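Chemist: Sharing a structure, written as structure tokens. Questions coming.
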Amino acid sequence: MVPASFAPPVSYALGESSAAPSWDRARSPYTGCTRAHWEAVADSLLAAVTPYATAGGALYDLPGRHTSASGRLSDGLEGYARTLLTAAFRRDENVLERYAEGLDAGTAGVWPRIEDRGQPLVEAASIALSLRLTRPLLWDRLDDGVRQRAAEWLGDALTAEPWPCNWELFPVTVGGFLQEIGHEPEASRAAIDRGLERIEQWYLGDGWYTDGHGRKFDHYNGWAMHLYPVLHAWLADDTRLLDLYAGRLESHLADYARLFGGDGAPMPQGRSLTYRFATTAPLWLGALTGRTPLSPGETRRLASGALRHFLDRGAVDENGLLTLGWHGPDETILQRYSGPASPYWAGKAFIGLLLPPDHEVWTATEQPGPAERADAVTPVGPPNWLLQSTRSDGVVRLHNHGSEDVRYDPYYTRLAYSTVTRPSPSYDNSVIVGGDASRSGIEPLGVGEGWAASRHTVSQGVSAVCLVVARGAAEVRAQLVSGAAPGTSVRVTGWAGRDGARSEVLPVYGLSGTDDGVTGVAGAAPTLFVALVRLTAEPEPRPLTELVSVRVTAGGDGEPGGYEMTVTWAQGGTESFRFGGATGAAGSVARVDAPSGP
């Protein structure tokens, strides 16, 4: 969707001053953004934090009442490290000189030590990566004493035990820098090998990692699990490692690019959403390494679209500081580890500035992203997701049948997420049995062309098999509830519509009610409930009942609790599914035949 006009973003970073770069509508017909705009945003963000530097520049004590669980000292270190990362990608020698002074002060006793599973380990990785990226401009100009103290401070990261997740890559990142400068080379090599070996257990193929044990799929795939190994291999000029990790990144980007809406929004799913446009880092990384399925124009369109999406919606406050939230300030999306400077992990987005101005990613004409080219329903195997996008409104929907992390609900265990909605406290996209909307122990049951299914536990002895079948903006959602006492209420909810996006839920089988949730009652045997669901931003969409019809036959597998469901699309094509669920047993679902028709 090419915008009809370009109003300047309402943001500190790209205001209407005469110094702001001009929009380039010819080269960037979708966003108007050029490399100069990215430079201007980086410069503005770095300038805005300067007044908050304390302790000789070693800490950046940003304002705000939300202190992380690690405390103010750690938060101040986080402010230094994360803004340094932006400065490293920007490569402005005057700004880097300021951070050199902070490095001197910080390693002279201001910064807390790096210990097992402590937040300073995270920030050490940002500092080490920044020093490695800017070595001729910063590290090589330091006094010998400062270099020695800095290396010794970072050295504790080589043996510090990380949490078993993306944290395993922080010692890798520190080790890569220390090995390069010749500090404790054997320990550095051991830290690199240990971390890279540990993440192998979480690689599930097709470019997808889970962030630690279990099935934790989220944005950490892009801004951590891929970013650190690829950058390490690239900086080390290690052809073997780069082929391995950049090859995985390339596979990941084929799916990842589909998670951006036509309005530029990344998918608001998972934790640490306050990192915002850090979601663009893997896009740029693909261009940097030359391992990407995306054209240069598509890469920049997606990245600049995400940048503008947040800057145009209040991500930066009146003082030029990134706020804790998604658009504007919003503490509901934060975690215990979120502090005032946490949003500055968004600085990873500026990795694109490592590419020179004459690189084709900056010179090519913007091209539309996947959500803008055609309607699509795309299965993603490792996380067992179904991605559903519609060209007419640019909305992307993620049907979640395989990602789970109950610590950070509601951003992991809902049945679906979209680029234009946010999970609501009233349990959107849920199956609520007897007032219980819990969804734990998610077990993928398969994903394929136009469908995805899973089984989960609602409560002790109660489970639900959930299936979604999608085409265009229409969804058929079926839930087989097992183990509930006869007469237990079952409520099925749809999307929490907002900002011009409307939600519909229509009862089809075993349900009755209206759009805010349709209800039914569990029987003695496993009971099937079916609804038509839609989220759309189209002004005048066709009625759902004109797009799809559903026929359900009870006893589909020859016993109580068995059902067969056939979905017929108005544009042609049918597909059938069989549900099984003997009394006292967990339910199941399987496709009966391959879809027919177009």
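In the structure tokens, chains take the letters A, B, ... in the order shown, each chain's residues start at 1, and ligands count up from 1 in the order shown.
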With DSSP run on the backbone, what are the helix (DSSP H, G or I) residues within segment 117-206 of chain A? I'd like them as an MDAnalysis selection string.
Modeler: chainID A and resid 119:133 139:141 144:158 166:181 185:202
Chemist: Would you list the contacts of segment 111-123 of chain A as a list in words, taking every protein, DNA or RNA residue within 6 Å and counting only C-alpha atoms, but skipping same-chain residues closer than 5 positions in sequence?
Modeler: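 Answer for this query is Glu78, Ala81, Gly106, Asp156, Ala160, Glu161, Pro162 and Trp163 of chain A.
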Chemist: Show me a table, sorted first by chain and then by increasing residue number, of the residues of segment 243-344 of chain A having an atom at most 8 Å from segment 352-361 of chain A, each with its shortest atom pair and the distance in Å to one decimal, counting only C-alpha atoms and written as CSV.
Modeler:
```
residue,atom,partner,partner_atom,distance
A:Ala281,CA,A:Gly352,CA,7.8
A:Trp284,CA,A:Gly352,CA,5.1
A:Leu285,CA,A:Gly352,CA,7.4
A:Ala287,CA,A:Val361,CA,7.1
A:Leu288,CA,A:Leu355,CA,6.5
A:Pro296,CA,A:Val361,CA,4.3
A:Gly297,CA,A:Val361,CA,6.2
A:Thr299,CA,A:Val361,CA,7.0
A:Arg300,CA,A:Val361,CA,6.3
```
Chemist: Mind checking which residues fall within 9 Å of Gly497 of chain A, counting only C-alpha atoms, ignoring those fewer than 2 positions away in the same chain, and posting them as a list in words?
Modeler: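 So, after excluding close chain neighbours, the residues are Val420, Thr421, Arg422, Gly494, Trp495, Asp499, Gly500, Ala501, Arg502, Ser503, Glu504, Leu535 and Thr536 of chain A.
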Chemist: Please produce, as CSV, a per-residue contact table for segment 234-315 of chain A versus segment 166-186 of chain A (criterion: any atom at most 12 Å away, only C-alpha atoms considered), showing the nearest atom pair and its distance in Å to one decimal, sorted by chain then residue number.
Modeler:
```
residue,atom,partner,partner_atom,distance
A:Trp234,CA,A:Gly176,CA,10.9
A:Leu235,CA,A:Gly176,CA,8.6
A:Ala236,CA,A:Gly176,CA,7.7
A:Asp237,CA,A:Glu180,CA,11.4
A:Asp238,CA,A:Gly176,CA,11.4
```
Chemist: For segment 84-96 of chain A, please output as a list of chain:residue names all residues within 8 Å (counting only C-alpha atoms; exclusion window: fewer than 3 positions along the same chain).
Modeler: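 Residues meeting the cut-off are A:Glu39, A:Ala42, A:Asp43, A:Leu46, A:Tyr80, A:Ala81, A:Tyr99, A:Ala100, A:Ser126, A:Ile127, A:Leu129, A:Ser130, A:Leu131, A:Leu133, A:Thr134, A:Leu137, A:Leu138, A:Gly347, A:Lys348, A:Phe350, A:Ile351, A:Gly352, A:Leu353, A:Leu354.
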Chemist: Residues within 10 Å of Ala341 of chain A, please, as an MDAnalysis selection string. Count only C-alpha atoms; anything in the same chain fewer than 2 positions from it doesn't count.
Modeler: chainID A and resid 49 60:64 67:68 75:83 321:324 338:339 343:345
Chemist: At a cut-off of 10 Å, can you tabulate as JSON lines every residue of segment 287-344 of chain A near segment 246-264 of chain A together with its closest atom pair and the distance in Å to one decimal, using only C-alpha atoms and ordering rows by chain then number?
Modeler:
```
{"residue": "A:Ala287", "atom": "CA", "partner": "A:Glu250", "partner_atom": "CA", "distance": 9.8}
{"residue": "A:Thr289", "atom": "CA", "partner": "A:Ala246", "partner_atom": "CA", "distance": 7.1}
{"residue": "A:Gly290", "atom": "CA", "partner": "A:Ala246", "partner_atom": "CA", "distance": 8.6}
{"residue": "A:Arg291", "atom": "CA", "partner": "A:Glu250", "partner_atom": "CA", "distance": 5.3}
{"residue": "A:Thr292", "atom": "CA", "partner": "A:Glu250", "partner_atom": "CA", "distance": 4.6}
{"residue": "A:Pro293", "atom": "CA", "partner": "A:Ala254", "partner_atom": "CA", "distance": 6.2}
{"residue": "A:Leu294", "atom": "CA", "partner": "A:Ala254", "partner_atom": "CA", "distance": 7.7}
{"residue": "A:Glu298", "atom": "CA", "partner": "A:Ala257", "partner_atom": "CA", "distance": 9.1}
{"residue": "A:Thr299", "atom": "CA", "partner": "A:Ala257", "partner_atom": "CA", "distance": 8.6}
{"residue": "A:Arg301", "atom": "CA", "partner": "A:Gly264", "partner_atom": "CA", "distance": 8.5}
{"residue": "A:Leu302", "atom": "CA", "partner": "A:Gly264", "partner_atom": "CA", "distance": 6.5}
{"residue": "A:Ala303", "atom": "CA", "partner": "A:Gly264", "partner_atom": "CA", "distance": 8.0}
{"residue": "A:Ser304", "atom": "CA", "partner": "A:Gly264", "partner_atom": "CA", "distance": 7.8}
{"residue": "A:Gly305", "atom": "CA", "partner": "A:Gly264", "partner_atom": "CA", "distance": 4.2}
{"residue": "A:Ala306", "atom": "CA", "partner": "A:Gly264", "partner_atom": "CA", "distance": 4.4}
{"residue": "A:Leu307", "atom": "CA", "partner": "A:Gly264", "partner_atom": "CA", "distance": 7.7}
{"residue": "A:Arg308", "atom": "CA", "partner": "A:Gly264", "partner_atom": "CA", "distance": 7.3}
{"residue": "A:His309", "atom": "CA", "partner": "A:Gly264", "partner_atom": "CA", "distance": 5.4}
{"residue": "A:Phe310", "atom": "CA", "partner": "A:Gly264", "partner_atom": "CA", "distance": 8.6}
```
Chemist: Please produce an output containing C-alpha atoms for each residue in the selection, written as a PDB file, in the first residue's frame.
Modeler:
```pdb
ATOM      1  CA  ALA A 287      21.826  -7.503   3.581  1.00  0.00           C
ATOM      2  CA  THR A 289      26.161 -10.666   4.827  1.00  0.00           C
ATOM      3  CA  GLY A 290      24.538 -11.039   1.419  1.00  0.00           C
ATOM      4  CA  ARG A 291      22.487 -13.961   2.756  1.00  0.00           C
ATOM      5  CA  THR A 292      18.875 -12.926   2.405  1.00  0.00           C
ATOM      6  CA  PRO A 293      15.905 -13.942   0.256  1.00  0.00           C
ATOM      7  CA  LEU A 294      14.740 -10.313   0.238  1.00  0.00           C
ATOM      8  CA  GLU A 298      12.146  -4.877   0.188  1.00  0.00           C
ATOM      9  CA  THR A 299      14.683  -4.968   3.019  1.00  0.00           C
ATOM     10  CA  ARG A 301      10.975  -0.886   2.952  1.00  0.00           C
ATOM     11  CA  LEU A 302      10.344  -3.307   5.849  1.00  0.00           C
ATOM     12  CA  ALA A 303      13.023  -1.762   8.060  1.00  0.00           C
ATOM     13  CA  SER A 304      12.097   1.869   7.402  1.00  0.00           C
ATOM     14  CA  GLY A 305       8.435   1.009   7.715  1.00  0.00           C
ATOM     15  CA  ALA A 306       9.003  -0.360  11.206  1.00  0.00           C
ATOM     16  CA  LEU A 307      11.110   2.655  12.197  1.00  0.00           C
ATOM     17  CA  ARG A 308       8.423   5.075  11.064  1.00  0.00           C
ATOM     18  CA  HIS A 309       5.681   2.976  12.623  1.00  0.00           C
ATOM     19  CA  PHE A 310       7.093   3.608  16.087  1.00  0.00           C
TER      20      PHE A 310
END
```
Chemist: Extract, using only C-alpha atoms, all DNA, RNA and protein residues at most 9 Å from Ser438 of chain A, discarding same-chain residues fewer than 6 positions from it, and format them as a VMD selection string.
Modeler: chain A and resid 413 430 to 432 456 to 459
Chemist: Just the selected residues (N, CA and C atoms), exported as a compact mmCIF listing (two decimals), in the first residue's frame, please.
Modeler:
```
# COMPACT_ATOMS: atom_id res chain seq x y z
N THR A 413 0.79 -17.28 24.79
CA THR A 413 -0.11 -18.43 24.77
C THR A 413 -1.50 -18.16 24.20
N SER A 430 -9.18 -16.87 22.77
CA SER A 430 -9.04 -17.90 23.80
C SER A 430 -10.22 -18.86 23.76
N VAL A 431 -10.00 -20.04 24.39
CA VAL A 431 -11.07 -20.98 24.68
C VAL A 431 -11.20 -21.01 26.20
N ILE A 432 -12.33 -20.57 26.71
CA ILE A 432 -12.51 -20.41 28.15
C ILE A 432 -13.48 -21.49 28.63
N HIS A 456 -3.83 -28.36 24.11
CA HIS A 456 -3.30 -27.75 25.32
C HIS A 456 -4.13 -28.14 26.53
N THR A 457 -3.53 -27.91 27.68
CA THR A 457 -4.21 -28.17 28.96
C THR A 457 -4.87 -26.89 29.43
N VAL A 458 -6.14 -27.03 29.82
CA VAL A 458 -6.87 -25.91 30.40
C VAL A 458 -6.75 -25.94 31.92
N SER A 459 -6.99 -27.08 32.49
CA SER A 459 -6.89 -27.29 33.93
C SER A 459 -6.70 -28.78 34.17
```
Chemist: Select, from A:Gly472, A:Gly205, A:Gly212, A:Gly435, the residue with the minimum atom-to-atom distance to Ala376 of chain A, counting only C-alpha atoms.
Modeler: A:Gly472
Chemist: At a cut-off of 10 Å, using only C-alpha atoms, what residues contact Ser392 of chain A? Leave out same-chain residues fewer than 2 positions from it and give the result as a PDB file with C-alpha atoms, in the first residue's frame.
Modeler:
```
ATOM      1  CA  MET A   1       0.000   0.000   0.000  1.00  0.00           C
ATOM      2  CA  GLY A 262       1.473  -3.011   5.685  1.00  0.00           C
ATOM      3  CA  ALA A 371       1.775  -8.436   3.277  1.00  0.00           C
ATOM      4  CA  GLU A 372       1.428  -5.807   0.547  1.00  0.00           C
ATOM      5  CA  ARG A 373       1.892  -8.066  -2.466  1.00  0.00           C
ATOM      6  CA  ALA A 374      -0.878 -10.652  -2.166  1.00  0.00           C
ATOM      7  CA  ASP A 375      -3.128 -12.462   0.277  1.00  0.00           C
ATOM      8  CA  SER A 389      -2.063 -11.761   5.678  1.00  0.00           C
ATOM      9  CA  THR A 390      -4.396  -9.709   3.515  1.00  0.00           C
ATOM     10  CA  GLY A 394      -2.031  -4.962   5.187  1.00  0.00           C
ATOM     11  CA  VAL A 395      -3.018  -6.891   8.312  1.00  0.00           C
ATOM     12  CA  GLY A 472      -8.197 -14.421   2.923  1.00  0.00           C
ATOM     13  CA  ALA A 473      -9.282 -12.757   6.167  1.00  0.00           C
ATOM     14  CA  THR A 536     -10.329  -6.970   9.052  1.00  0.00           C
ATOM     15  CA  ALA A 537      -9.610  -3.306   8.416  1.00  0.00           C
ATOM     16  CA  GLU A 538     -11.537  -3.308   5.150  1.00  0.00           C
TER      17      GLU A 538
END
```
Chemist: Between atom CA of Tyr52 of chain A and atom CA of His219 of chain A, measure the distance and give it in Å to one decimal.
Modeler: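 Result for atom CA of Tyr52 of chain A versus atom CA of His219 of chain A: 29.2 Å, one decimal.
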Chemist: Between A:Asp243, A:Glu540, A:Glu443, A:Asp393, which one has atoms that come closest to Gly587 of chain A, using only C-alpha atoms?
Modeler: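 Checking each candidate against Gly587 of chain A, we get A:Glu443 as the closest.
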Chemist: Of the candidates A:Leu273, A:Ala349, A:Ala125, A:Ala474, which shows the shortest atom-to-atom distance to Thr568 of chain A, using only C-alpha atoms?
Modeler: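 Closest residue, counting only C-alpha atoms: A:Ala474.
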Chemist: Mind giving me the straight-line distance from atom CA of Gly461 of chain A to atom CA of Ala485 of chain A in Å, one decimal?
Modeler: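 According to the coordinates, atom CA of Gly461 of chain A and atom CA of Ala485 of chain A are separated by 9.9 Å.
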Chemist: Report, in Å with one decimal, the straight-line distance from atom CA of Gly573 of chain A to atom CA of Ala416 of chain A.
Modeler: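 If I compute the distance from atom CA of Gly573 of chain A to atom CA of Ala416 of chain A, I get 24.3 Å.
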Chemist: As a PyMOL selection string, list the residues of segment 292-405 of chain A assigned to strand (DSSP E) by DSSP on the backbone atoms of this structure.
Modeler: chain A and resi 376-380+385-390+395-400
Chemist: Taking only C-alpha atoms into account, which of A:Gln148, A:Ser74, A:Ser44, A:Thr419 comes nearest Glu318 of chain A?
Modeler: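 Smallest distance to Glu318 of chain A is found for A:Ser44.
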